[in-house]
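**Student:** Structure below; questions to follow.
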There are 2 protein chains.
Amino acid sequence: MSSEAVNEAANEVENAPGQPRVELNRLGYLLKHAQQRLTEMTAAALEPYGVNGRELGVLVVLDQMGATSQQDVARRLGIDRTTMVALIDALEAKSVVVRRPSAEDRRRNVVEFTESGHGLFRQALQASDEAERRFVSPLEDAAAELLREQLRAVIEERD
Amino acid sequence: MSSEAVNEAANEVENAPGQPRVELNRLGYLLKHAQQRLTEMTAAALEPYGVNGRELGVLVVLDQMGATSQQDVARRLGIDRTTMVALIDALEAKSVVVRRPSAEDRRRNVVEFTESGHGLFRQALQASDEAERRFVSPLEDAAAELLREQLRAVIEERD
DNA sequence: GGGTGATTGTCAGTGCTACTGACGATCAGC
DNA sequence: GCTGATCGTCAGTAGCACTGACAATCACCC
């Protein structure tokens with residue numbers, strides 16, 4: 001009976017002849033595939049700029065905060081500081097950012113844009129925004145904004 | 001604190017406190033962290049049952065479709081058939097499912113629940129559903145349902 | 001001053017997930 | 001009976017993110 005209920009809910013969308021795909025309604029499935037799809041679209045959009053989505057995330061934070069330490073960027077993005085090392089390595093190898101020792105605290109590296117790096121960032125950000133727009137294009141504008149709000153709500157539930 | 005000092009010096013577009021920070025509004029960030037958080041909550045809820053979220057996904061499909069081949073399950077979940085091998089291996093090692101050669105097509109393995117396996121599945125599914133409910137608890141019921149619909153919409157945009 | 005504990009960046013190692021490419025066995029159509 | 005496709009399997013690989021350790025540095029306290 002529980003299996004029938006699940007089956008019924010999943011089959012709410014009538015099966016078209018050429019599309020035997022029955023959508024799963026589980027949040028794990030939905031979130032995983034949504035993220036996967038956005039990652040693919042973003043990767044394609046960013047490919048001409050030589051950066052990937054994770055690196056762009058770093059650049060967005062850098063643009064917001066201004067020059068700052070690796071640790072601060074990592075905290076803001078909710079990733080580990082050891083993960084940040086390779087990320088900055090890659091961006092520095094592409095001359096998008098530079099590390100420089102902090103004068104006030106010599107344990108820190110200050111990470112900041114190069115001149116050309118900031119130009120590239122602006123272009124890449126536009127491309128990524130366009131990919132996001134295409135990603136949510138099945139939704140009305142209001143629904144797309146609501147999706148963001150809902151995701152923020154479930155994430156920000158921090159205790 | 002030092003990050004604020006740097007921020008103040010290098011970038012004075014600091015917003016009012018409490019305003020959503022821009023990078024928190026990027027879909028890549030939102031989806032990644034939403035998925036991460038749900039994965040954690042689901043893992044904790046499923047821990048007593050000895051299965052994880054990916055394995056439960058397999059079981060849900062098995063419950064929906066009845067006994068089927070590994071390939072069919074993989075297709076339904078949108079994962080590779082080579083990935084399915086280890087997944088079924090693990091479930092079989094726990095005696096939740098069994099493989100048996102198909103009579104009609106001897107290339108195939110038919111995967112089906114064991115008796116105790118189906119009981120465990122029902123319990124684990126309840127625990128996972130409860131975790132999902134807690135995950136979306138910051139949202140109204142209607143908003144939570146809308147979230148599912150919106151995610152389905154952006155996923156189903158297949159070309 | 002000097003000692004103590006915390007912080008920062010780095011690196012090696014590990015775990016998890018999912019893929020590609022290959023293989024033998026088997027099937028379907030001609 | 002051939003040929004091409006499908007299924008399950010395995011080895012190898014790649015991306016991502018973590019833990020644990022380390023040296024350098026800082027902040028605090030006596």
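By convention here, the chains of the structure tokens are called A, B, ... in the order presented, each chain's residues are numbered starting at 1, and ligands are numbered starting at 1 in the order presented.
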What are the closest atom pairs, with distances in Å to one decimal, for each residue of chain A lying within 9 Å of chain D, using only C-alpha atoms (C1' of nucleotides), rows by chain and rising residue number, as a Markdown table?
**Tutor:**
| residue | atom | partner | partner_atom | distance |
| --- | --- | --- | --- | --- |
| A:Ile79 | CA | D:DA17 | C1' | 8.2 |
| A:Asp80 | CA | D:DA17 | C1' | 7.6 |
| A:Thr82 | CA | D:DC18 | C1' | 8.6 |
| A:Thr83 | CA | D:DA17 | C1' | 6.7 |
| A:Asp105 | CA | D:DC26 | C1' | 7.4 |
| A:Arg106 | CA | D:DT25 | C1' | 6.5 |
| A:Arg107 | CA | D:DT25 | C1' | 5.4 |
**Student:** Please save C-alpha atoms of the selected residues as a tab-separated table (two decimals), in the first residue's frame.
**Tutor:**
chain	number	residue	atom	x	y	z
A	79	ILE	CA	34.54	25.20	2.24
A	80	ASP	CA	37.69	24.03	3.93
A	82	THR	CA	42.82	23.19	2.57
A	83	THR	CA	40.48	23.05	-0.41
A	105	ASP	CA	49.56	39.53	9.64
A	106	ARG	CA	52.36	37.61	8.08
A	107	ARG	CA	50.59	34.28	8.46
**Student:** So that I can check the secondary structure, give me every residue of range 16-117 of chain B assigned alpha helix (DSSP H) by backbone DSSP, as an MDAnalysis selection string.
**Tutor:** chainID B and resid 27:46 53:65 70:77 81:93 115:117
**Student:** Show me a table, sorted first by chain and then by increasing residue number, of the residues of chain C having an atom at most 12 Å from chain A, each with its shortest atom pair and the distance in Å to one decimal, counting only C-alpha atoms (C1' of nucleotides) and written as CSV.
**Tutor:**
residue,atom,partner,partner_atom,distance
C:DT7,C1',A:Arg107,CA,8.0
C:DT8,C1',A:Arg107,CA,5.0
C:DG9,C1',A:Arg108,CA,7.2
C:DT10,C1',A:Val85,CA,7.7
C:DC11,C1',A:Thr82,CA,9.2
C:DA12,C1',A:Thr82,CA,11.8
C:DA18,C1',A:Gln36,CA,11.9
**Student:** Go ahead and write the selection's residues with N, CA and C atoms (P, O5', C5', C4', C3', O3' and C1' of nucleotides) as a PDB file, in the first residue's frame.
**Tutor:**
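After the write, part-v1.pdb holds the following:
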ATOM      1  P    DT C   7      41.412  29.862  16.797  1.00  0.00           P
ATOM      2  O5'  DT C   7      42.383  30.409  15.649  1.00  0.00           O
ATOM      3  C5'  DT C   7      42.827  31.759  15.711  1.00  0.00           C
ATOM      4  C4'  DT C   7      43.741  32.042  14.531  1.00  0.00           C
ATOM      5  C3'  DT C   7      43.237  31.533  13.183  1.00  0.00           C
ATOM      6  O3'  DT C   7      43.356  32.595  12.247  1.00  0.00           O
ATOM      7  C1'  DT C   7      45.438  30.812  13.548  1.00  0.00           C
ATOM      8  P    DT C   8      42.664  32.530  10.839  1.00  0.00           P
ATOM      9  O5'  DT C   8      43.885  32.198   9.867  1.00  0.00           O
ATOM     10  C5'  DT C   8      44.906  33.157   9.641  1.00  0.00           C
ATOM     11  C4'  DT C   8      45.998  32.557   8.774  1.00  0.00           C
ATOM     12  C3'  DT C   8      45.488  31.849   7.517  1.00  0.00           C
ATOM     13  O3'  DT C   8      45.886  32.581   6.366  1.00  0.00           O
ATOM     14  C1'  DT C   8      47.179  30.575   8.646  1.00  0.00           C
ATOM     15  P    DG C   9      45.282  32.173   4.923  1.00  0.00           P
ATOM     16  O5'  DG C   9      46.391  31.179   4.367  1.00  0.00           O
ATOM     17  C5'  DG C   9      47.708  31.684   4.178  1.00  0.00           C
ATOM     18  C4'  DG C   9      48.681  30.546   3.917  1.00  0.00           C
ATOM     19  C3'  DG C   9      48.330  29.658   2.708  1.00  0.00           C
ATOM     20  O3'  DG C   9      49.450  29.609   1.842  1.00  0.00           O
ATOM     21  C1'  DG C   9      48.793  28.328   4.630  1.00  0.00           C
ATOM     22  P    DT C  10      49.346  28.823   0.451  1.00  0.00           P
ATOM     23  O5'  DT C  10      49.903  27.381   0.817  1.00  0.00           O
ATOM     24  C5'  DT C  10      51.246  27.260   1.261  1.00  0.00           C
ATOM     25  C4'  DT C  10      51.524  25.836   1.715  1.00  0.00           C
ATOM     26  C3'  DT C  10      51.179  24.765   0.688  1.00  0.00           C
ATOM     27  O3'  DT C  10      52.389  24.321   0.089  1.00  0.00           O
ATOM     28  C1'  DT C  10      50.604  24.128   2.925  1.00  0.00           C
ATOM     29  P    DC C  11      52.331  23.409  -1.226  1.00  0.00           P
ATOM     30  O5'  DC C  11      52.303  21.921  -0.616  1.00  0.00           O
ATOM     31  C5'  DC C  11      53.330  21.515   0.284  1.00  0.00           C
ATOM     32  C4'  DC C  11      52.937  20.205   0.942  1.00  0.00           C
ATOM     33  C3'  DC C  11      52.455  19.118  -0.032  1.00  0.00           C
ATOM     34  O3'  DC C  11      53.343  18.021   0.017  1.00  0.00           O
ATOM     35  C1'  DC C  11      51.061  19.266   1.890  1.00  0.00           C
ATOM     36  P    DA C  12      53.255  16.907  -1.139  1.00  0.00           P
ATOM     37  O5'  DA C  12      52.833  15.629  -0.290  1.00  0.00           O
ATOM     38  C5'  DA C  12      53.444  15.382   0.985  1.00  0.00           C
ATOM     39  C4'  DA C  12      52.665  14.312   1.723  1.00  0.00           C
ATOM     40  C3'  DA C  12      52.182  13.147   0.841  1.00  0.00           C
ATOM     41  O3'  DA C  12      52.374  11.927   1.529  1.00  0.00           O
ATOM     42  C1'  DA C  12      50.340  14.157   1.916  1.00  0.00           C
ATOM     43  P    DA C  18      27.130   9.168  -7.409  1.00  0.00           P
ATOM     44  O5'  DA C  18      27.951   9.200  -8.767  1.00  0.00           O
ATOM     45  C5'  DA C  18      28.449  10.441  -9.243  1.00  0.00           C
ATOM     46  C4'  DA C  18      29.340  10.191 -10.432  1.00  0.00           C
ATOM     47  C3'  DA C  18      28.772   9.156 -11.413  1.00  0.00           C
ATOM     48  O3'  DA C  18      28.603   9.727 -12.703  1.00  0.00           O
ATOM     49  C1'  DA C  18      31.055   8.753 -10.956  1.00  0.00           C
TER      50       DA C  18
END
**Student:** Sorted by chain and rising residue number, which residues of chain A lie within 8 Å of chain B, and what are their closest atom pairs and distances in Å to one decimal, counting only C-alpha atoms, as a tab-separated table?
**Tutor:**
residue	atom	partner	partner_atom	distance
A:Ser3	CA	B:Asp63	CA	6.2
A:Glu4	CA	B:Gln64	CA	7.7
A:Val6	CA	B:Gln64	CA	7.1
A:Asn7	CA	B:Gln64	CA	5.4
A:Arg21	CA	B:Arg76	CA	6.7
A:Val22	CA	B:Arg76	CA	7.4
A:Glu23	CA	B:Arg152	CA	7.7
A:Asn25	CA	B:Arg148	CA	7.1
A:Leu27	CA	B:Arg148	CA	7.0
A:Gly28	CA	B:Leu38	CA	7.1
A:Tyr29	CA	B:Gly57	CA	7.8
A:Leu30	CA	B:Leu151	CA	6.0
A:Leu31	CA	B:Gln35	CA	5.8
A:Lys32	CA	B:Gln35	CA	6.6
A:His33	CA	B:Ile155	CA	6.6
A:Ala34	CA	B:Ile155	CA	5.6
A:Gln35	CA	B:Leu31	CA	5.8
A:Arg37	CA	B:Ile155	CA	7.1
A:Leu38	CA	B:Gly28	CA	7.1
A:Thr39	CA	B:Gly28	CA	7.3
A:Gly53	CA	B:Gly28	CA	7.6
A:Gly57	CA	B:Glu23	CA	7.3
A:Val60	CA	B:Glu23	CA	6.4
A:Val61	CA	B:Glu23	CA	6.5
A:Gln64	CA	B:Asn11	CA	7.6
A:Met65	CA	B:Asn7	CA	5.4
A:Gly66	CA	B:Asn11	CA	5.5
A:Ala67	CA	B:Ala10	CA	6.8
A:Thr68	CA	B:Val6	CA	6.6
A:Ser69	CA	B:Ser3	CA	7.8
A:Asp72	CA	B:Ser3	CA	6.9
A:Leu77	CA	B:Tyr29	CA	7.9
A:Glu132	CA	B:Leu27	CA	7.0
A:Phe135	CA	B:Val154	CA	6.4
A:Val136	CA	B:Val154	CA	6.0
A:Ser137	CA	B:Val154	CA	7.6
A:Pro138	CA	B:Val154	CA	6.0
A:Leu139	CA	B:Gln150	CA	7.2
A:Ala143	CA	B:Gln150	CA	7.7
A:Leu147	CA	B:Leu147	CA	6.6
A:Arg148	CA	B:Asn25	CA	6.8
A:Gln150	CA	B:Leu147	CA	7.1
A:Leu151	CA	B:Leu30	CA	6.0
A:Arg152	CA	B:Leu30	CA	6.6
A:Ala153	CA	B:Pro138	CA	6.2
A:Val154	CA	B:Val136	CA	6.0
A:Ile155	CA	B:Ala34	CA	5.6
A:Glu157	CA	B:Pro138	CA	7.2
**Student:** Hey, can you spit out that residue selection with N, CA and C atoms as a compact mmCIF listing (two decimals), in the first residue's frame?
**Tutor:**
# COMPACT_ATOMS: atom_id res chain seq x y z
N SER A 3 3.77 1.26 -1.15
CA SER A 3 4.41 1.27 -2.45
C SER A 3 3.46 1.78 -3.52
N GLU A 4 2.17 1.50 -3.35
CA GLU A 4 1.20 2.01 -4.31
C GLU A 4 1.09 3.52 -4.23
N VAL A 6 3.39 5.61 -3.30
CA VAL A 6 4.58 6.20 -3.91
C VAL A 6 4.47 6.14 -5.43
N ASN A 7 4.04 4.97 -5.90
CA ASN A 7 3.93 4.77 -7.34
C ASN A 7 2.93 5.76 -7.95
N ARG A 21 10.15 7.99 -18.78
CA ARG A 21 10.78 8.51 -17.57
C ARG A 21 9.72 8.94 -16.56
N VAL A 22 9.72 8.27 -15.45
CA VAL A 22 8.82 8.65 -14.37
C VAL A 22 9.61 9.45 -13.36
N GLU A 23 9.15 10.65 -13.09
CA GLU A 23 9.93 11.52 -12.24
C GLU A 23 9.85 11.11 -10.78
N ASN A 25 10.09 11.98 -6.96
CA ASN A 25 9.69 13.15 -6.20
C ASN A 25 10.56 13.37 -4.97
N LEU A 27 13.47 14.57 -2.67
CA LEU A 27 14.27 15.79 -2.70
C LEU A 27 15.73 15.50 -3.02
N GLY A 28 16.24 14.38 -2.53
CA GLY A 28 17.62 14.03 -2.81
C GLY A 28 17.87 13.93 -4.30
N TYR A 29 16.97 13.24 -4.98
CA TYR A 29 17.07 13.10 -6.43
C TYR A 29 16.95 14.45 -7.11
N LEU A 30 15.97 15.22 -6.72
CA LEU A 30 15.72 16.50 -7.38
C LEU A 30 16.89 17.46 -7.22
N LEU A 31 17.40 17.54 -6.00
CA LEU A 31 18.50 18.47 -5.76
C LEU A 31 19.77 18.01 -6.48
N LYS A 32 20.02 16.72 -6.44
CA LYS A 32 21.23 16.22 -7.08
C LYS A 32 21.22 16.51 -8.57
N HIS A 33 20.08 16.23 -9.22
CA HIS A 33 20.03 16.40 -10.66
C HIS A 33 19.93 17.86 -11.05
N ALA A 34 19.29 18.67 -10.22
CA ALA A 34 19.26 20.10 -10.50
C ALA A 34 20.67 20.66 -10.46
N GLN A 35 21.41 20.27 -9.44
CA GLN A 35 22.77 20.76 -9.33
C GLN A 35 23.63 20.26 -10.47
N ARG A 37 22.71 19.47 -13.45
CA ARG A 37 22.35 20.16 -14.69
C ARG A 37 22.89 21.59 -14.72
N LEU A 38 22.76 22.29 -13.63
CA LEU A 38 23.29 23.64 -13.58
C LEU A 38 24.81 23.63 -13.74
N THR A 39 25.45 22.65 -13.12
CA THR A 39 26.91 22.56 -13.24
C THR A 39 27.33 22.38 -14.69
N GLY A 53 33.10 26.77 -12.38
CA GLY A 53 32.12 27.34 -11.46
C GLY A 53 32.66 27.56 -10.06
N GLY A 57 33.13 31.17 -8.11
CA GLY A 57 32.63 31.44 -6.77
C GLY A 57 33.66 32.19 -5.94
N VAL A 60 33.81 35.78 -7.17
CA VAL A 60 32.66 36.58 -6.73
C VAL A 60 32.90 37.08 -5.30
N VAL A 61 33.37 36.20 -4.45
CA VAL A 61 33.65 36.62 -3.07
C VAL A 61 34.75 37.66 -3.03
N GLN A 64 33.40 40.94 -3.97
CA GLN A 64 32.56 41.51 -2.93
C GLN A 64 33.36 42.07 -1.77
N MET A 65 34.34 41.27 -1.33
CA MET A 65 35.05 41.61 -0.10
C MET A 65 36.27 42.47 -0.38
N GLY A 66 36.70 42.52 -1.61
CA GLY A 66 37.99 43.12 -1.89
C GLY A 66 39.08 42.15 -1.49
N ALA A 67 40.33 42.57 -1.64
CA ALA A 67 41.46 41.69 -1.33
C ALA A 67 41.35 41.16 0.08
N THR A 68 41.51 39.88 0.23
CA THR A 68 41.31 39.28 1.54
C THR A 68 42.06 37.95 1.62
N SER A 69 42.09 37.38 2.81
CA SER A 69 42.87 36.16 3.00
C SER A 69 42.15 34.95 2.44
N ASP A 72 39.42 33.68 4.77
CA ASP A 72 38.15 34.43 4.76
C ASP A 72 37.28 34.02 3.59
N LEU A 77 32.55 30.91 1.64
CA LEU A 77 32.00 29.93 0.70
C LEU A 77 31.61 28.63 1.40
N GLU A 132 22.61 30.70 -15.71
CA GLU A 132 21.61 30.57 -14.64
C GLU A 132 20.22 30.92 -15.17
N PHE A 135 18.94 28.19 -17.12
CA PHE A 135 18.62 27.08 -16.22
C PHE A 135 17.22 27.23 -15.63
N VAL A 136 16.87 28.42 -15.23
CA VAL A 136 15.56 28.64 -14.62
C VAL A 136 14.51 29.08 -15.63
N SER A 137 14.85 29.00 -16.91
CA SER A 137 13.92 29.50 -17.93
C SER A 137 12.59 28.76 -17.97
N PRO A 138 12.51 27.49 -17.51
CA PRO A 138 11.17 26.88 -17.45
C PRO A 138 10.25 27.55 -16.43
N LEU A 139 10.81 28.38 -15.58
CA LEU A 139 10.00 29.01 -14.54
C LEU A 139 9.70 30.46 -14.90
N ALA A 143 8.72 32.93 -10.02
CA ALA A 143 8.97 31.59 -9.49
C ALA A 143 10.46 31.35 -9.34
N LEU A 147 12.35 30.44 -5.97
CA LEU A 147 13.23 29.28 -5.81
C LEU A 147 14.48 29.66 -5.04
N ARG A 148 15.08 30.78 -5.40
CA ARG A 148 16.26 31.25 -4.68
C ARG A 148 15.92 31.48 -3.20
N GLN A 150 13.60 30.19 -1.40
CA GLN A 150 13.34 28.94 -0.69
C GLN A 150 14.62 28.20 -0.38
N LEU A 151 15.54 28.20 -1.34
CA LEU A 151 16.81 27.54 -1.11
C LEU A 151 17.60 28.25 0.01
N ARG A 152 17.57 29.56 -0.04
CA ARG A 152 18.22 30.31 1.05
C ARG A 152 17.62 29.94 2.39
N ALA A 153 16.30 29.80 2.42
CA ALA A 153 15.62 29.52 3.69
C ALA A 153 16.05 28.17 4.26
N VAL A 154 16.13 27.15 3.43
CA VAL A 154 16.48 25.83 3.95
C VAL A 154 17.96 25.74 4.28
N ILE A 155 18.78 26.57 3.63
CA ILE A 155 20.20 26.55 3.92
C ILE A 155 20.51 27.32 5.20
N GLU A 157 18.97 27.76 7.76
CA GLU A 157 18.52 27.14 9.00
C GLU A 157 19.73 26.57 9.74
**Student:** Onto chain A, please fit chain B by least squares using all C-alpha atoms in order, then return the transformed chain as a compact mmCIF listing (two decimals) with C-alpha atoms, in the first residue's frame.
**Tutor:**
# COMPACT_ATOMS: atom_id res chain seq x y z
CA MET B 1 7.39 -1.26 -20.68
CA SER B 2 8.37 -4.13 -18.46
CA SER B 3 8.49 -1.68 -15.59
CA GLU B 4 4.88 -0.77 -16.30
CA ALA B 5 3.97 -4.43 -16.32
CA VAL B 6 5.62 -4.92 -12.96
CA ASN B 7 4.05 -1.77 -11.70
CA GLU B 8 0.64 -2.85 -12.85
CA ALA B 9 0.99 -6.24 -11.23
CA ALA B 10 2.42 -5.10 -7.94
CA ASN B 11 1.05 -1.63 -7.51
CA GLU B 12 -2.06 -0.39 -9.20
CA VAL B 13 -2.06 3.13 -7.83
CA GLU B 14 -0.80 4.36 -11.18
CA ASN B 15 -1.75 7.97 -11.70
CA ALA B 16 -2.95 9.70 -14.80
CA PRO B 17 -0.11 10.08 -17.31
CA GLY B 18 1.75 13.35 -16.97
CA GLN B 19 1.08 13.71 -13.27
CA PRO B 20 4.18 14.67 -11.32
CA ARG B 21 5.63 11.61 -9.75
CA VAL B 22 5.92 11.76 -6.03
CA GLU B 23 9.67 11.32 -5.75
CA LEU B 24 10.11 14.24 -8.08
CA ASN B 25 8.52 16.32 -5.38
CA ARG B 26 11.02 15.57 -2.66
CA LEU B 27 13.20 18.54 -1.89
CA GLY B 28 16.35 16.44 -1.76
CA TYR B 29 15.77 15.27 -5.30
CA LEU B 30 14.78 18.70 -6.57
CA LEU B 31 17.74 20.52 -5.06
CA LYS B 32 20.26 17.90 -6.11
CA HIS B 33 19.14 17.89 -9.71
CA ALA B 34 18.72 21.63 -9.90
CA GLN B 35 22.26 22.08 -8.69
CA GLN B 36 23.51 19.41 -11.03
CA ARG B 37 21.87 21.04 -14.01
CA LEU B 38 23.12 24.51 -13.16
CA THR B 39 26.62 23.14 -12.63
CA GLU B 40 26.59 21.58 -16.09
CA MET B 41 25.32 24.73 -17.76
CA THR B 42 27.79 26.92 -15.91
CA ALA B 43 30.68 24.60 -16.70
CA ALA B 44 29.86 24.74 -20.39
CA ALA B 45 29.57 28.53 -20.34
CA LEU B 46 32.86 28.97 -18.47
CA GLU B 47 34.83 26.45 -20.47
CA PRO B 48 36.30 29.07 -22.88
CA TYR B 49 37.71 31.01 -19.95
CA GLY B 50 39.53 28.15 -18.28
CA VAL B 51 37.88 28.59 -14.90
CA ASN B 52 35.13 26.57 -13.26
CA GLY B 53 32.19 27.58 -11.13
CA ARG B 54 33.97 27.13 -7.82
CA GLU B 55 36.87 29.26 -8.95
CA LEU B 56 34.52 31.94 -10.21
CA GLY B 57 32.95 32.00 -6.76
CA VAL B 58 36.33 32.85 -5.31
CA LEU B 59 36.80 35.60 -7.87
CA VAL B 60 33.40 37.10 -7.14
CA VAL B 61 34.28 37.36 -3.47
CA LEU B 62 37.66 38.82 -4.33
CA ASP B 63 35.99 41.41 -6.50
CA GLN B 64 33.54 42.29 -3.74
CA MET B 65 35.99 42.45 -0.88
CA GLY B 66 39.10 43.55 -2.67
CA ALA B 67 42.40 41.89 -1.87
CA THR B 68 41.97 39.69 1.20
CA SER B 69 43.32 36.66 2.94
CA GLN B 70 42.48 33.13 1.86
CA GLN B 71 40.72 32.56 5.14
CA ASP B 72 38.40 35.52 4.64
CA VAL B 73 37.42 34.31 1.21
CA ALA B 74 36.82 30.82 2.55
CA ARG B 75 34.63 32.11 5.35
CA ARG B 76 32.59 34.20 2.97
CA LEU B 77 31.98 31.22 0.76
CA GLY B 78 31.28 28.88 3.64
CA ILE B 79 34.04 26.45 2.75
CA ASP B 80 37.05 25.17 4.64
CA ARG B 81 40.35 27.00 4.57
CA THR B 82 42.12 23.79 3.55
CA THR B 83 39.87 23.59 0.51
CA MET B 84 40.79 27.12 -0.42
CA VAL B 85 44.47 26.24 -0.81
CA ALA B 86 44.02 24.19 -3.97
CA LEU B 87 41.52 26.67 -5.30
CA ILE B 88 43.98 29.55 -5.04
CA ASP B 89 46.75 27.28 -6.31
CA ALA B 90 44.78 26.70 -9.50
CA LEU B 91 43.90 30.36 -9.99
CA GLU B 92 47.47 31.36 -9.39
CA ALA B 93 48.74 28.75 -11.84
CA LYS B 94 46.51 30.39 -14.45
CA SER B 95 47.83 33.83 -13.49
CA VAL B 96 44.35 35.04 -12.61
CA VAL B 97 45.32 35.95 -9.05
CA VAL B 98 48.53 36.26 -7.08
CA ARG B 99 49.41 35.54 -3.49
CA ARG B 100 51.53 38.04 -1.67
CA PRO B 101 52.53 38.02 1.98
CA SER B 102 50.60 40.49 4.09
CA ALA B 103 52.68 43.27 5.60
CA GLU B 104 50.47 43.72 8.65
CA ASP B 105 50.08 40.04 9.47
CA ARG B 106 52.74 37.73 8.16
CA ARG B 107 50.67 34.64 8.75
CA ARG B 108 48.39 35.76 5.97
CA ASN B 109 48.54 35.66 2.24
CA VAL B 110 46.86 38.53 0.50
CA VAL B 111 45.14 37.27 -2.62
CA GLU B 112 44.44 39.74 -5.38
CA PHE B 113 43.67 39.89 -9.06
CA THR B 114 46.32 40.22 -11.66
CA GLU B 115 45.53 42.82 -14.28
CA SER B 116 44.66 40.28 -16.94
CA GLY B 117 42.95 38.21 -14.28
CA HIS B 118 40.39 40.87 -13.56
CA GLY B 119 39.60 41.21 -17.23
CA LEU B 120 39.12 37.49 -17.54
CA PHE B 121 36.93 37.56 -14.44
CA ARG B 122 34.61 40.15 -15.93
CA GLN B 123 34.17 38.12 -19.08
CA ALA B 124 33.69 34.85 -17.21
CA LEU B 125 31.16 36.48 -14.90
CA GLN B 126 29.11 37.63 -17.86
CA ALA B 127 29.16 34.13 -19.33
CA SER B 128 28.12 32.64 -16.01
CA ASP B 129 25.33 35.16 -15.56
CA GLU B 130 24.08 34.27 -19.00
CA ALA B 131 24.09 30.58 -18.02
CA GLU B 132 22.10 31.42 -14.89
CA ARG B 133 19.62 33.30 -17.01
CA ARG B 134 19.15 30.33 -19.28
CA PHE B 135 18.84 28.10 -16.23
CA VAL B 136 15.91 30.07 -14.86
CA SER B 137 14.44 30.77 -18.28
CA PRO B 138 11.43 28.50 -17.64
CA LEU B 139 10.42 31.00 -14.96
CA GLU B 140 9.10 34.52 -15.25
CA ASP B 141 11.57 37.19 -14.19
CA ALA B 142 9.70 37.83 -10.96
CA ALA B 143 9.57 34.12 -10.18
CA ALA B 144 13.30 33.79 -10.80
CA GLU B 145 14.00 36.60 -8.37
CA LEU B 146 11.63 35.02 -5.89
CA LEU B 147 13.50 31.75 -6.20
CA ARG B 148 16.69 33.52 -5.15
CA GLU B 149 14.96 35.12 -2.20
CA GLN B 150 13.46 31.85 -1.06
CA LEU B 151 16.80 30.08 -1.25
CA ARG B 152 18.42 32.88 0.71
CA ALA B 153 15.69 32.57 3.32
CA VAL B 154 16.18 28.86 3.92
CA ILE B 155 19.97 29.22 3.94
CA GLU B 156 20.10 32.16 6.30
CA GLU B 157 18.18 30.25 8.95
CA ARG B 158 21.34 29.84 11.01
CA ASP B 159 21.33 28.84 14.64
**Student:** Which parts of range 27-155 of chain B does DSSP call strand (DSSP E or B) when run on the backbone here, written out as a list in words?
**Tutor:**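 Output for range 27-155 of chain B, strand (DSSP E or B) only: Thr68, Ser69, Val97, Val98, Arg99, Arg100, Pro101, Asn109, Val110, Val111, Glu112 and Phe113 of chain B.
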**Student:** Those residues with N, CA and C atoms, as a PDB file, in the first residue's frame please?
**Tutor:**
ATOM      1  N   THR B  68      13.564  -5.696 -11.258  1.00  0.00           N
ATOM      2  CA  THR B  68      14.023  -5.258 -12.581  1.00  0.00           C
ATOM      3  C   THR B  68      15.526  -5.436 -12.708  1.00  0.00           C
ATOM      4  N   SER B  69      16.001  -5.160 -13.891  1.00  0.00           N
ATOM      5  CA  SER B  69      17.437  -5.281 -14.144  1.00  0.00           C
ATOM      6  C   SER B  69      18.183  -4.091 -13.555  1.00  0.00           C
ATOM      7  N   VAL B  97      18.681  -6.842  -0.853  1.00  0.00           N
ATOM      8  CA  VAL B  97      18.207  -7.288  -2.158  1.00  0.00           C
ATOM      9  C   VAL B  97      18.998  -8.528  -2.565  1.00  0.00           C
ATOM     10  N   VAL B  98      18.509  -9.192  -3.583  1.00  0.00           N
ATOM     11  CA  VAL B  98      19.264 -10.302  -4.184  1.00  0.00           C
ATOM     12  C   VAL B  98      19.288 -10.125  -5.702  1.00  0.00           C
ATOM     13  N   ARG B  99      20.386 -10.590  -6.292  1.00  0.00           N
ATOM     14  CA  ARG B  99      20.461 -10.703  -7.737  1.00  0.00           C
ATOM     15  C   ARG B  99      20.050 -12.129  -8.107  1.00  0.00           C
ATOM     16  N   ARG B 100      19.324 -12.218  -9.218  1.00  0.00           N
ATOM     17  CA  ARG B 100      19.070 -13.558  -9.737  1.00  0.00           C
ATOM     18  C   ARG B 100      19.061 -13.437 -11.249  1.00  0.00           C
ATOM     19  N   PRO B 101      19.609 -14.429 -11.924  1.00  0.00           N
ATOM     20  CA  PRO B 101      19.672 -14.337 -13.386  1.00  0.00           C
ATOM     21  C   PRO B 101      18.275 -14.328 -13.980  1.00  0.00           C
ATOM     22  N   ASN B 109      20.620  -9.345 -14.802  1.00  0.00           N
ATOM     23  CA  ASN B 109      20.330  -9.740 -13.445  1.00  0.00           C
ATOM     24  C   ASN B 109      19.006  -9.113 -13.044  1.00  0.00           C
ATOM     25  N   VAL B 110      18.130  -9.930 -12.487  1.00  0.00           N
ATOM     26  CA  VAL B 110      16.942  -9.357 -11.876  1.00  0.00           C
ATOM     27  C   VAL B 110      17.269  -9.056 -10.421  1.00  0.00           C
ATOM     28  N   VAL B 111      17.013  -7.817 -10.035  1.00  0.00           N
ATOM     29  CA  VAL B 111      17.275  -7.398  -8.661  1.00  0.00           C
ATOM     30  C   VAL B 111      15.943  -7.281  -7.950  1.00  0.00           C
ATOM     31  N   GLU B 112      15.832  -7.890  -6.791  1.00  0.00           N
ATOM     32  CA  GLU B 112      14.574  -7.804  -6.052  1.00  0.00           C
ATOM     33  C   GLU B 112      14.831  -7.796  -4.552  1.00  0.00           C
ATOM     34  N   PHE B 113      13.859  -7.322  -3.831  1.00  0.00           N
ATOM     35  CA  PHE B 113      13.945  -7.282  -2.380  1.00  0.00           C
ATOM     36  C   PHE B 113      14.007  -8.681  -1.795  1.00  0.00           C
TER      37      PHE B 113
END
